[in-house]
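Engineer: Got a structure for you, entry.cif, holding mmCIF, N, CA and C atoms.
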data_entry
#
loop_
_atom_site.label_atom_id
_atom_site.label_comp_id
_atom_site.auth_asym_id
_atom_site.auth_seq_id
_atom_site.Cartn_x
_atom_site.Cartn_y
_atom_site.Cartn_z
N MET A 18 6.07 -119.64 -29.14
CA MET A 18 5.72 -118.29 -29.51
C MET A 18 5.15 -117.58 -28.28
N THR A 19 5.62 -116.39 -28.02
CA THR A 19 5.15 -115.64 -26.86
C THR A 19 4.20 -114.54 -27.31
N ARG A 20 3.28 -114.25 -26.44
CA ARG A 20 2.32 -113.18 -26.74
C ARG A 20 2.85 -111.87 -26.19
N VAL A 21 2.64 -110.85 -26.96
CA VAL A 21 3.05 -109.51 -26.54
C VAL A 21 1.82 -108.63 -26.56
N ARG A 22 1.57 -107.96 -25.47
CA ARG A 22 0.42 -107.06 -25.40
C ARG A 22 0.93 -105.64 -25.66
N VAL A 23 0.35 -105.03 -26.66
CA VAL A 23 0.72 -103.66 -27.00
C VAL A 23 -0.39 -102.75 -26.50
N THR A 24 -0.02 -101.83 -25.65
CA THR A 24 -1.02 -100.90 -25.11
C THR A 24 -0.52 -99.49 -25.24
N ALA A 25 -1.45 -98.61 -25.26
CA ALA A 25 -1.11 -97.18 -25.31
C ALA A 25 -1.61 -96.53 -24.03
N PRO A 26 -0.96 -95.47 -23.60
CA PRO A 26 -1.44 -94.81 -22.39
C PRO A 26 -2.83 -94.23 -22.61
N ARG A 27 -3.63 -94.26 -21.58
CA ARG A 27 -4.98 -93.72 -21.68
C ARG A 27 -4.91 -92.21 -21.80
N GLN A 28 -5.74 -91.70 -22.71
CA GLN A 28 -5.82 -90.26 -22.89
C GLN A 28 -7.25 -89.84 -22.65
N SER A 29 -7.40 -88.66 -22.11
CA SER A 29 -8.76 -88.17 -21.91
C SER A 29 -9.33 -87.73 -23.25
N ALA A 30 -10.62 -87.89 -23.39
CA ALA A 30 -11.28 -87.50 -24.62
C ALA A 30 -11.39 -85.98 -24.66
N THR A 31 -10.80 -85.40 -25.68
CA THR A 31 -10.89 -83.95 -25.84
C THR A 31 -11.60 -83.65 -27.14
N ALA A 32 -12.27 -82.54 -27.18
CA ALA A 32 -12.99 -82.14 -28.39
C ALA A 32 -12.01 -81.71 -29.46
N ALA A 33 -12.27 -82.12 -30.66
CA ALA A 33 -11.43 -81.71 -31.77
C ALA A 33 -11.65 -80.23 -32.05
N PRO A 34 -10.63 -79.54 -32.54
CA PRO A 34 -10.83 -78.13 -32.82
C PRO A 34 -11.89 -77.93 -33.90
N GLY A 35 -12.71 -76.93 -33.70
CA GLY A 35 -13.76 -76.63 -34.66
C GLY A 35 -15.06 -77.35 -34.38
N ARG A 36 -15.06 -78.24 -33.40
CA ARG A 36 -16.31 -78.93 -33.08
C ARG A 36 -17.14 -78.07 -32.13
N LEU A 37 -18.42 -78.36 -32.12
CA LEU A 37 -19.32 -77.61 -31.26
C LEU A 37 -19.04 -77.93 -29.79
N PRO A 38 -19.21 -76.95 -28.95
CA PRO A 38 -19.04 -77.23 -27.52
C PRO A 38 -20.18 -78.10 -27.03
N TYR A 39 -19.92 -78.85 -26.03
CA TYR A 39 -20.96 -79.68 -25.44
C TYR A 39 -21.13 -79.24 -24.00
N PRO A 40 -21.88 -78.18 -23.80
CA PRO A 40 -21.98 -77.60 -22.47
C PRO A 40 -22.75 -78.51 -21.51
N ARG A 41 -22.62 -78.20 -20.27
CA ARG A 41 -23.24 -78.99 -19.23
C ARG A 41 -24.76 -79.03 -19.38
N GLU A 42 -25.36 -77.90 -19.76
CA GLU A 42 -26.82 -77.86 -19.90
C GLU A 42 -27.30 -78.82 -20.96
N VAL A 43 -26.61 -78.87 -22.07
CA VAL A 43 -27.03 -79.77 -23.15
C VAL A 43 -26.83 -81.20 -22.70
N ALA A 44 -25.73 -81.46 -22.01
CA ALA A 44 -25.45 -82.82 -21.55
C ALA A 44 -26.47 -83.26 -20.51
N GLU A 45 -26.98 -82.32 -19.73
CA GLU A 45 -27.96 -82.66 -18.71
C GLU A 45 -29.39 -82.70 -19.27
N ASP A 46 -29.56 -82.47 -20.52
CA ASP A 46 -30.87 -82.50 -21.17
C ASP A 46 -31.84 -81.50 -20.54
N SER A 47 -31.36 -80.31 -20.32
CA SER A 47 -32.26 -79.28 -19.79
C SER A 47 -33.15 -78.77 -20.91
N ASP A 48 -34.20 -78.07 -20.53
CA ASP A 48 -35.14 -77.55 -21.53
C ASP A 48 -34.47 -76.55 -22.45
N SER A 49 -33.62 -75.68 -21.89
CA SER A 49 -32.96 -74.69 -22.75
C SER A 49 -31.95 -75.36 -23.68
N GLY A 50 -31.28 -76.41 -23.21
CA GLY A 50 -30.34 -77.13 -24.07
C GLY A 50 -31.05 -77.81 -25.22
N LYS A 51 -32.19 -78.41 -24.93
CA LYS A 51 -32.97 -79.04 -25.99
C LYS A 51 -33.47 -78.01 -27.00
N LEU A 52 -33.85 -76.85 -26.49
CA LEU A 52 -34.32 -75.78 -27.37
C LEU A 52 -33.20 -75.30 -28.29
N PHE A 53 -32.00 -75.13 -27.73
CA PHE A 53 -30.86 -74.68 -28.55
C PHE A 53 -30.52 -75.70 -29.62
N ILE A 54 -30.49 -76.96 -29.25
CA ILE A 54 -30.14 -78.00 -30.24
C ILE A 54 -31.22 -78.11 -31.31
N ARG A 55 -32.48 -78.06 -30.91
CA ARG A 55 -33.57 -78.11 -31.88
C ARG A 55 -33.49 -76.94 -32.85
N SER A 56 -33.15 -75.78 -32.33
CA SER A 56 -33.01 -74.59 -33.17
C SER A 56 -31.87 -74.76 -34.17
N LEU A 57 -30.75 -75.30 -33.70
CA LEU A 57 -29.61 -75.52 -34.60
C LEU A 57 -29.96 -76.53 -35.69
N ILE A 58 -30.59 -77.61 -35.33
CA ILE A 58 -30.96 -78.64 -36.31
C ILE A 58 -31.93 -78.07 -37.33
N ARG A 59 -32.91 -77.29 -36.85
CA ARG A 59 -33.89 -76.70 -37.75
C ARG A 59 -33.23 -75.72 -38.73
N SER A 60 -32.30 -74.91 -38.24
CA SER A 60 -31.65 -73.95 -39.13
C SER A 60 -30.74 -74.66 -40.13
N GLN A 61 -30.07 -75.74 -39.71
CA GLN A 61 -29.23 -76.48 -40.65
C GLN A 61 -30.08 -77.19 -41.70
N LEU A 62 -31.22 -77.72 -41.31
CA LEU A 62 -32.12 -78.36 -42.27
C LEU A 62 -32.66 -77.34 -43.27
N ARG A 63 -33.06 -76.18 -42.77
CA ARG A 63 -33.57 -75.12 -43.65
C ARG A 63 -32.49 -74.71 -44.65
N LEU A 64 -31.27 -74.56 -44.18
CA LEU A 64 -30.17 -74.20 -45.06
C LEU A 64 -29.93 -75.26 -46.13
N ALA A 65 -29.94 -76.52 -45.73
CA ALA A 65 -29.73 -77.61 -46.69
C ALA A 65 -30.82 -77.64 -47.75
N LEU A 66 -32.05 -77.44 -47.34
CA LEU A 66 -33.15 -77.44 -48.31
C LEU A 66 -33.07 -76.26 -49.27
N VAL A 67 -32.69 -75.09 -48.77
CA VAL A 67 -32.57 -73.92 -49.64
C VAL A 67 -31.45 -74.13 -50.66
N VAL A 68 -30.30 -74.62 -50.22
CA VAL A 68 -29.19 -74.84 -51.14
C VAL A 68 -29.55 -75.91 -52.17
N ALA A 69 -30.19 -77.00 -51.73
CA ALA A 69 -30.57 -78.06 -52.66
C ALA A 69 -31.59 -77.57 -53.68
N CYS A 70 -32.57 -76.80 -53.24
CA CYS A 70 -33.58 -76.27 -54.17
C CYS A 70 -32.95 -75.31 -55.18
N CYS A 71 -32.09 -74.43 -54.71
CA CYS A 71 -31.43 -73.50 -55.64
C CYS A 71 -30.56 -74.25 -56.64
N PHE A 72 -29.86 -75.28 -56.19
CA PHE A 72 -29.03 -76.07 -57.09
C PHE A 72 -29.89 -76.77 -58.14
N LEU A 73 -31.01 -77.33 -57.72
CA LEU A 73 -31.90 -78.00 -58.68
C LEU A 73 -32.51 -77.02 -59.67
N ILE A 74 -32.85 -75.83 -59.23
CA ILE A 74 -33.39 -74.80 -60.13
C ILE A 74 -32.35 -74.43 -61.17
N ILE A 75 -31.10 -74.26 -60.75
CA ILE A 75 -30.04 -73.93 -61.70
C ILE A 75 -29.86 -75.06 -62.71
N LEU A 76 -29.90 -76.31 -62.26
CA LEU A 76 -29.79 -77.44 -63.19
C LEU A 76 -30.93 -77.47 -64.19
N VAL A 77 -32.13 -77.22 -63.74
CA VAL A 77 -33.29 -77.23 -64.64
C VAL A 77 -33.17 -76.10 -65.66
N VAL A 78 -32.76 -74.92 -65.24
CA VAL A 78 -32.60 -73.79 -66.16
C VAL A 78 -31.54 -74.11 -67.22
N ILE A 79 -30.42 -74.68 -66.79
CA ILE A 79 -29.36 -75.04 -67.74
C ILE A 79 -29.87 -76.10 -68.72
N ALA A 80 -30.57 -77.11 -68.20
CA ALA A 80 -31.08 -78.16 -69.09
C ALA A 80 -32.10 -77.60 -70.08
N LEU A 81 -32.99 -76.72 -69.62
CA LEU A 81 -33.96 -76.13 -70.54
C LEU A 81 -33.28 -75.27 -71.60
N PHE A 82 -32.25 -74.54 -71.20
CA PHE A 82 -31.51 -73.73 -72.17
C PHE A 82 -30.84 -74.62 -73.21
N LEU A 83 -30.26 -75.73 -72.76
CA LEU A 83 -29.57 -76.61 -73.70
C LEU A 83 -30.54 -77.32 -74.63
N VAL A 84 -31.74 -77.63 -74.15
CA VAL A 84 -32.71 -78.33 -74.99
C VAL A 84 -33.42 -77.37 -75.94
N TYR A 85 -33.85 -76.21 -75.41
CA TYR A 85 -34.67 -75.31 -76.21
C TYR A 85 -33.94 -74.08 -76.71
N GLY A 86 -32.67 -73.93 -76.36
CA GLY A 86 -31.91 -72.77 -76.82
C GLY A 86 -31.68 -72.81 -78.32
N PRO A 87 -31.77 -71.66 -78.98
CA PRO A 87 -31.60 -71.65 -80.44
C PRO A 87 -30.13 -71.89 -80.82
N GLY A 88 -29.92 -72.92 -81.59
CA GLY A 88 -28.60 -73.20 -82.13
C GLY A 88 -27.63 -73.84 -81.16
N VAL A 89 -28.06 -74.23 -80.00
CA VAL A 89 -27.14 -74.83 -79.01
C VAL A 89 -26.72 -76.22 -79.47
N ALA A 90 -27.63 -76.97 -80.04
CA ALA A 90 -27.32 -78.34 -80.45
C ALA A 90 -26.29 -78.38 -81.58
N GLU A 91 -26.27 -77.35 -82.41
CA GLU A 91 -25.34 -77.34 -83.54
C GLU A 91 -24.00 -76.71 -83.19
N THR A 92 -23.91 -75.99 -82.11
CA THR A 92 -22.68 -75.29 -81.75
C THR A 92 -21.65 -76.29 -81.23
N ARG A 93 -20.43 -76.16 -81.78
CA ARG A 93 -19.34 -77.04 -81.37
C ARG A 93 -18.13 -76.21 -81.00
N ILE A 94 -17.44 -76.66 -79.93
CA ILE A 94 -16.19 -76.03 -79.51
C ILE A 94 -15.12 -77.12 -79.53
N PHE A 95 -14.11 -76.92 -80.35
CA PHE A 95 -13.05 -77.93 -80.55
C PHE A 95 -13.63 -79.27 -80.95
N GLY A 96 -14.70 -79.27 -81.72
CA GLY A 96 -15.32 -80.49 -82.21
C GLY A 96 -16.26 -81.15 -81.22
N ILE A 97 -16.40 -80.58 -80.03
CA ILE A 97 -17.28 -81.16 -79.01
C ILE A 97 -18.55 -80.33 -78.95
N PRO A 98 -19.72 -80.98 -78.97
CA PRO A 98 -20.97 -80.21 -78.89
C PRO A 98 -21.04 -79.39 -77.60
N LEU A 99 -21.59 -78.19 -77.71
CA LEU A 99 -21.66 -77.27 -76.57
C LEU A 99 -22.46 -77.86 -75.41
N ASP A 100 -23.56 -78.55 -75.73
CA ASP A 100 -24.37 -79.10 -74.64
C ASP A 100 -23.60 -80.16 -73.85
N TRP A 101 -22.78 -80.95 -74.51
CA TRP A 101 -21.96 -81.93 -73.81
C TRP A 101 -20.91 -81.24 -72.95
N MET A 102 -20.35 -80.17 -73.49
CA MET A 102 -19.32 -79.45 -72.75
C MET A 102 -19.90 -78.80 -71.48
N VAL A 103 -21.09 -78.22 -71.62
CA VAL A 103 -21.71 -77.58 -70.45
C VAL A 103 -22.09 -78.62 -69.42
N LEU A 104 -22.70 -79.73 -69.86
CA LEU A 104 -23.10 -80.76 -68.91
C LEU A 104 -21.91 -81.51 -68.33
N GLY A 105 -20.85 -81.64 -69.10
CA GLY A 105 -19.69 -82.40 -68.63
C GLY A 105 -18.74 -81.60 -67.76
N ALA A 106 -18.57 -80.33 -68.06
CA ALA A 106 -17.58 -79.53 -67.32
C ALA A 106 -18.18 -78.29 -66.67
N GLY A 107 -19.27 -77.78 -67.20
CA GLY A 107 -19.82 -76.53 -66.68
C GLY A 107 -20.61 -76.67 -65.40
N ILE A 108 -21.00 -77.89 -65.06
CA ILE A 108 -21.79 -78.10 -63.86
C ILE A 108 -20.90 -78.11 -62.61
N TYR A 109 -19.65 -78.51 -62.75
CA TYR A 109 -18.78 -78.63 -61.58
C TYR A 109 -18.53 -77.32 -60.85
N PRO A 110 -18.35 -76.20 -61.53
CA PRO A 110 -18.25 -74.95 -60.77
C PRO A 110 -19.53 -74.62 -59.99
N VAL A 111 -20.68 -74.99 -60.52
CA VAL A 111 -21.95 -74.76 -59.81
C VAL A 111 -21.99 -75.64 -58.56
N ILE A 112 -21.56 -76.88 -58.67
CA ILE A 112 -21.51 -77.78 -57.52
C ILE A 112 -20.54 -77.24 -56.47
N GLY A 113 -19.36 -76.82 -56.91
CA GLY A 113 -18.36 -76.29 -55.98
C GLY A 113 -18.84 -75.03 -55.28
N LEU A 114 -19.47 -74.13 -56.03
CA LEU A 114 -19.98 -72.90 -55.43
C LEU A 114 -21.09 -73.19 -54.43
N SER A 115 -21.98 -74.12 -54.76
CA SER A 115 -23.05 -74.49 -53.84
C SER A 115 -22.48 -75.08 -52.55
N ALA A 116 -21.49 -75.96 -52.68
CA ALA A 116 -20.88 -76.57 -51.50
C ALA A 116 -20.17 -75.53 -50.65
N TRP A 117 -19.46 -74.61 -51.29
CA TRP A 117 -18.74 -73.57 -50.55
C TRP A 117 -19.72 -72.66 -49.80
N LEU A 118 -20.79 -72.25 -50.47
CA LEU A 118 -21.78 -71.40 -49.81
C LEU A 118 -22.46 -72.12 -48.66
N TYR A 119 -22.78 -73.40 -48.86
CA TYR A 119 -23.41 -74.17 -47.78
C TYR A 119 -22.48 -74.30 -46.58
N ASN A 120 -21.22 -74.61 -46.85
CA ASN A 120 -20.25 -74.78 -45.78
C ASN A 120 -20.08 -73.49 -44.98
N ARG A 121 -20.01 -72.39 -45.68
CA ARG A 121 -19.87 -71.09 -45.02
C ARG A 121 -21.08 -70.75 -44.15
N ALA A 122 -22.27 -70.97 -44.69
CA ALA A 122 -23.49 -70.67 -43.94
C ALA A 122 -23.67 -71.63 -42.77
N ALA A 123 -23.31 -72.89 -42.94
CA ALA A 123 -23.43 -73.85 -41.84
C ALA A 123 -22.47 -73.50 -40.71
N ALA A 124 -21.26 -73.06 -41.04
CA ALA A 124 -20.31 -72.63 -40.01
C ALA A 124 -20.84 -71.40 -39.29
N ARG A 125 -21.48 -70.51 -40.01
CA ARG A 125 -22.06 -69.31 -39.39
C ARG A 125 -23.20 -69.71 -38.44
N ASN A 126 -24.04 -70.69 -38.83
CA ASN A 126 -25.10 -71.18 -37.95
C ASN A 126 -24.51 -71.77 -36.67
N GLU A 127 -23.46 -72.57 -36.81
CA GLU A 127 -22.85 -73.19 -35.64
C GLU A 127 -22.19 -72.15 -34.74
N ALA A 128 -21.61 -71.12 -35.34
CA ALA A 128 -21.01 -70.05 -34.53
C ALA A 128 -22.09 -69.31 -33.74
N ARG A 129 -23.24 -69.08 -34.37
CA ARG A 129 -24.35 -68.45 -33.66
C ARG A 129 -24.84 -69.33 -32.51
N TYR A 130 -24.92 -70.62 -32.74
CA TYR A 130 -25.32 -71.56 -31.70
C TYR A 130 -24.32 -71.52 -30.54
N LYS A 131 -23.05 -71.52 -30.89
CA LYS A 131 -22.00 -71.48 -29.87
C LYS A 131 -22.09 -70.21 -29.05
N ASP A 132 -22.33 -69.09 -29.71
CA ASP A 132 -22.48 -67.82 -28.98
C ASP A 132 -23.69 -67.85 -28.05
N LEU A 133 -24.79 -68.43 -28.51
CA LEU A 133 -25.98 -68.54 -27.66
C LEU A 133 -25.71 -69.38 -26.43
N VAL A 134 -25.03 -70.50 -26.62
CA VAL A 134 -24.78 -71.41 -25.52
C VAL A 134 -23.80 -70.79 -24.52
N GLU A 135 -22.76 -70.13 -25.03
CA GLU A 135 -21.75 -69.55 -24.14
C GLU A 135 -22.30 -68.35 -23.39
N ASP A 136 -23.21 -67.60 -23.99
CA ASP A 136 -23.78 -66.43 -23.32
C ASP A 136 -24.72 -66.85 -22.20
N LYS A 137 -25.28 -68.03 -22.30
CA LYS A 137 -26.23 -68.50 -21.30
C LYS A 137 -25.52 -68.57 -19.98
#
Could you write out this file's structure as structure tokens?
Structural biologist:
Amino acid sequence: MTRVRVTAPRQSATAAPGRLPYPREVAEDSDSGKLFIRSLIRSQLRLALVVACCFLIILVVIALFLVYGPGVAETRIFGIPLDWMVLGAGIYPVIGLSAWLYNRAAARNEARYKDLVEDK
């Protein structure tokens, strides 16, 4: 049995489209580069916390409505209790909307970071 070595030509590492630029200042760990990255991380963390808190508030409001709402426990749609229907299917649009809003705002934060770095 003979061994066969399979190799591929070497390619230079290129940034994928849509990724953040990695400018020389950030790579050199300059003070302004560290400041820009810290600012981006802080804004992304703030955004994540705001979206998570809003999502949890919406869940609590829905749960309180289903528990204490008048006549919700007795209401049935196609033989399925309304509270089961809301918890089983009504939460997914809220999750999708939260994810879409977060993604949009995070992309906007990264675009602002990119503009700051390129203007430098």
Engineer: Where in region 66-112 of chain A does DSSP assign strand (DSSP E), given as a PyMOL selection string?
Structural biologist: chain A and resi 93-94+97-98
Engineer: As a PyMOL selection string, please: every residue in region 63-116 of chain A that a backbone DSSP assignment puts in helix (DSSP H, G or I).
Structural biologist: chain A and resi 63-85+99-116
Engineer: Given the choices A:Ile97, A:Ala90, A:Val111, A:Ile54, which gets closest to Lys131 (chain A) if the distance is worked out from only C-alpha atoms?
Structural biologist: A:Ile54
Engineer: Work out how far apart CA of Gly107 (chain A) and CA of Ile79 (chain A) are and give it in Å to one decimal.
Structural biologist: 9.7 Å
Engineer: What does the structure give for the distance between CA of Gln61 (chain A) and CA of Ala122 (chain A), in Å to one decimal?
Structural biologist: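 CA of Gln61 (chain A) sits 8.8 Å away from CA of Ala122 (chain A).
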Engineer: Please determine, counting only C-alpha atoms, which residue among A:Ser60, A:Asn120, A:Arg20, A:Leu73 has the shortest atom-to-atom distance to Ile108 (chain A).
Structural biologist: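 Checking each candidate against Ile108 (chain A), we get A:Leu73 as the closest.
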Engineer: Identify, on the basis of only C-alpha atoms, every residue whose closest approach to Ser56 (chain A) does not exceed 12 Å; exclude the query and any residue fewer than 4 positions from it along the same chain; express the result as a PyMOL selection string.
Structural biologist: chain A and resi 49-52+60-63+126-127+129-131+133-134
Engineer: How many Å separate CA of Arg125 (chain A) from atom N of Val68 (chain A)?
Structural biologist: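 For CA of Arg125 (chain A) relative to atom N of Val68 (chain A), the distance reads 14.6 Å.
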Engineer: For region 83-89 of chain A, find every residue with an atom within 6 Å (counting only N, CA and C atoms), except residues of its own chain fewer than 3 positions away, and show them as a list of chain:residue names.
Structural biologist: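 My list of contacting residues is A:Val78, A:Ile79, A:Ala80, A:Thr92, A:Leu99, A:Asp100.
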Engineer: Which of these residues is nearest to Phe72 (chain A), using only N, CA and C atoms: A:Arg93, A:Ser115, A:Met102, A:Pro26?
Structural biologist: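 Smallest distance to Phe72 (chain A) is found for A:Ser115.
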